[in-house]
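Here the structure is laid out as structure tokens; the discussion comes afterwards.
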Amino acid sequence: MTAIQGCCTRCGHTKAHSEFYKRRDGRLRTWCKACTSDYGHQRWLARGEENRAITRRQWLARKFGITVEQYNEMWRAQDGKCAICGQPETEREWLSVDHDHSDGTVRGLLCRMHNAALGGFGDSPELLLAAVEYLRTAKALIPERSQ
């Protein structure tokens with residue numbers, strides 16, 4: 001028994017129906033999966049920088065519930081710097097959106113290191129204060145090294 005076949009209107013090759021995506025109405029698309037994939041890839045390459053902006057917009061909305069405009073407003077309010085250390089954002093590393101993990105409230109923008117540090121402390125002020133106290137007292141407990 002032979003598989004049912006169809007002809008791709010883009011490449012002209014005859015292929016099994018399994019090589020075509022289905023439309024919402026259940027019928028097969030007119031382009032094969034390979035041509036559909038190739039078209040999507042070429043479109044992505046042609047759009048270049050626009051893709052980065054679209055991806056960023058979608059990520060900010062999905063992850064934090066904010067718009068690019070709201071991010072930019074926070075960025076301007078912080079002068080493009082980490083709210084903890086004051087280091088400026090670089091071209092390679094954008095400032096991270098700091099948010100309360102318990103309710104999702106956006107608090108500000110931090111460099112990657114300090115955003116990860118807050119996350120490591122579970123956003124707990126008590127643990128952060130304990131860490132500060134440890135740093136203050138541990139220095140006094142370390143004997144001086146001979147040079």
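Here, A, B, ... name the chains of the structure tokens in the order displayed, residue numbers run from 1 inside each chain, and ligands are numbered from 1 in the same displayed order.
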
For A:Lys81, list every protein, DNA or RNA residue within 12 Å, evaluated using only C-alpha atoms, and leave out those in the same chain fewer than 4 positions away; present the list as a VMD selection string. chain A and resid 72 74 to 77 85 to 90 93 to 97 108 to 112 114

Expected file: the selected residues, C-alpha atoms, as an mmCIF file, in the first residue's frame:
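Dumped everything to again_2.cif:
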```cif
data_model
loop_
_atom_site.group_PDB
_atom_site.id
_atom_site.type_symbol
_atom_site.label_atom_id
_atom_site.label_comp_id
_atom_site.auth_asym_id
_atom_site.auth_seq_id
_atom_site.Cartn_x
_atom_site.Cartn_y
_atom_site.Cartn_z
ATOM 1 C CA ASN A 72 12.868 52.161 29.126
ATOM 2 C CA MET A 74 12.859 52.476 34.545
ATOM 3 C CA TRP A 75 16.137 52.562 32.634
ATOM 4 C CA ARG A 76 15.966 56.370 32.313
ATOM 5 C CA ALA A 77 14.986 56.781 35.987
ATOM 6 C CA CYS A 85 26.239 49.015 42.311
ATOM 7 C CA GLY A 86 25.672 51.821 39.808
ATOM 8 C CA GLN A 87 27.442 49.996 36.971
ATOM 9 C CA PRO A 88 26.092 51.055 33.575
ATOM 10 C CA GLU A 89 24.420 48.709 31.151
ATOM 11 C CA THR A 90 26.715 47.532 28.365
ATOM 12 C CA GLU A 93 24.699 42.881 28.879
ATOM 13 C CA TRP A 94 21.374 44.588 29.382
ATOM 14 C CA LEU A 95 20.220 45.323 32.880
ATOM 15 C CA SER A 96 18.069 42.558 34.336
ATOM 16 C CA VAL A 97 14.509 43.155 35.470
ATOM 17 C CA GLY A 108 13.881 47.870 39.273
ATOM 18 C CA LEU A 109 16.846 47.076 37.059
ATOM 19 C CA LEU A 110 20.005 45.344 38.229
ATOM 20 C CA CYS A 111 23.206 44.085 36.661
ATOM 21 C CA ARG A 112 23.226 40.340 36.107
ATOM 22 C CA HIS A 114 23.381 41.499 41.623
#
```

Go through stretch 87-129 of chain A residue by residue and, counting only C-alpha atoms, keep those with an atom at most 10 Å from stretch 50-69 of chain A; for each kept residue give the shortest atom pair and its distance in Å to one decimal, ordered by chain and increasing number, as JSON lines.
```
{"residue": "A:Val97", "atom": "CA", "partner": "A:Phe64", "partner_atom": "CA", "distance": 7.9}
{"residue": "A:Asp98", "atom": "CA", "partner": "A:Phe64", "partner_atom": "CA", "distance": 9.2}
{"residue": "A:His99", "atom": "CA", "partner": "A:Phe64", "partner_atom": "CA", "distance": 7.8}
{"residue": "A:Gly104", "atom": "CA", "partner": "A:Phe64", "partner_atom": "CA", "distance": 7.0}
{"residue": "A:Thr105", "atom": "CA", "partner": "A:Phe64", "partner_atom": "CA", "distance": 8.1}
{"residue": "A:Val106", "atom": "CA", "partner": "A:Phe64", "partner_atom": "CA", "distance": 7.1}
```

I'd like to know which of A:Cys11, A:Asp103, A:Arg24, A:Ser124 is closest to A:Tyr39, using only C-alpha atoms.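 Result for the nearest residue to A:Tyr39: A:Cys11.
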
Looking only at the backbone, which of the residues in stretch 74-137 of chain A does DSSP tag as strand (DSSP E), as an MDAnalysis selection string? chainID A and resid 96:99 106:110

Closest pair table for stretch 35-120 of chain A residues within 10 Å of stretch 128-137 of chain A, only C-alpha atoms, as a Markdown table:
```
| residue | atom | partner | partner_atom | distance |
| --- | --- | --- | --- | --- |
| A:Ala117 | CA | A:Leu128 | CA | 9.5 |
| A:Leu118 | CA | A:Leu128 | CA | 8.2 |
| A:Gly120 | CA | A:Leu128 | CA | 9.8 |
```

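Counting only C-alpha atoms, A:Arg29 has the following residues at most 10 Å away, ignoring those fewer than 2 positions along the same chain: Gly6, Cys8, Thr9, His17, Glu19, Phe20, Tyr21, Lys22, Arg23, Arg24, Gly26, Arg27, Trp31, Cys32, Lys33 and Thr36 of chain A.
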
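Within stretch 74-104 of chain A, DSSP applied to the backbone places the following residues in alpha helix (DSSP H): A:Met74, A:Trp75, A:Arg76, A:Ala77.
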
What would the file look like if the residues just selected were written as a CSV table (one decimal), in the first residue's frame with N, CA and C atoms?
```
chain,number,residue,atom,x,y,z
A,74,MET,N,12.0,52.9,33.4
A,74,MET,CA,12.9,52.5,34.5
A,74,MET,C,14.3,52.7,34.3
A,75,TRP,N,14.7,52.4,33.0
A,75,TRP,CA,16.1,52.6,32.6
A,75,TRP,C,16.5,54.0,32.7
A,76,ARG,N,15.7,54.9,32.2
A,76,ARG,CA,16.0,56.4,32.3
A,76,ARG,C,16.0,56.8,33.8
A,77,ALA,N,15.1,56.4,34.6
A,77,ALA,CA,15.0,56.8,36.0
A,77,ALA,C,16.2,56.4,36.7
```

For atom CA of A:Gly119 and atom CA of A:His101, determine how far apart the two atoms are, in Å to one decimal place. 8.5 Å

Between atom CA of A:Asn115 and atom CA of A:Ile84 lies a distance of 9.2 Å
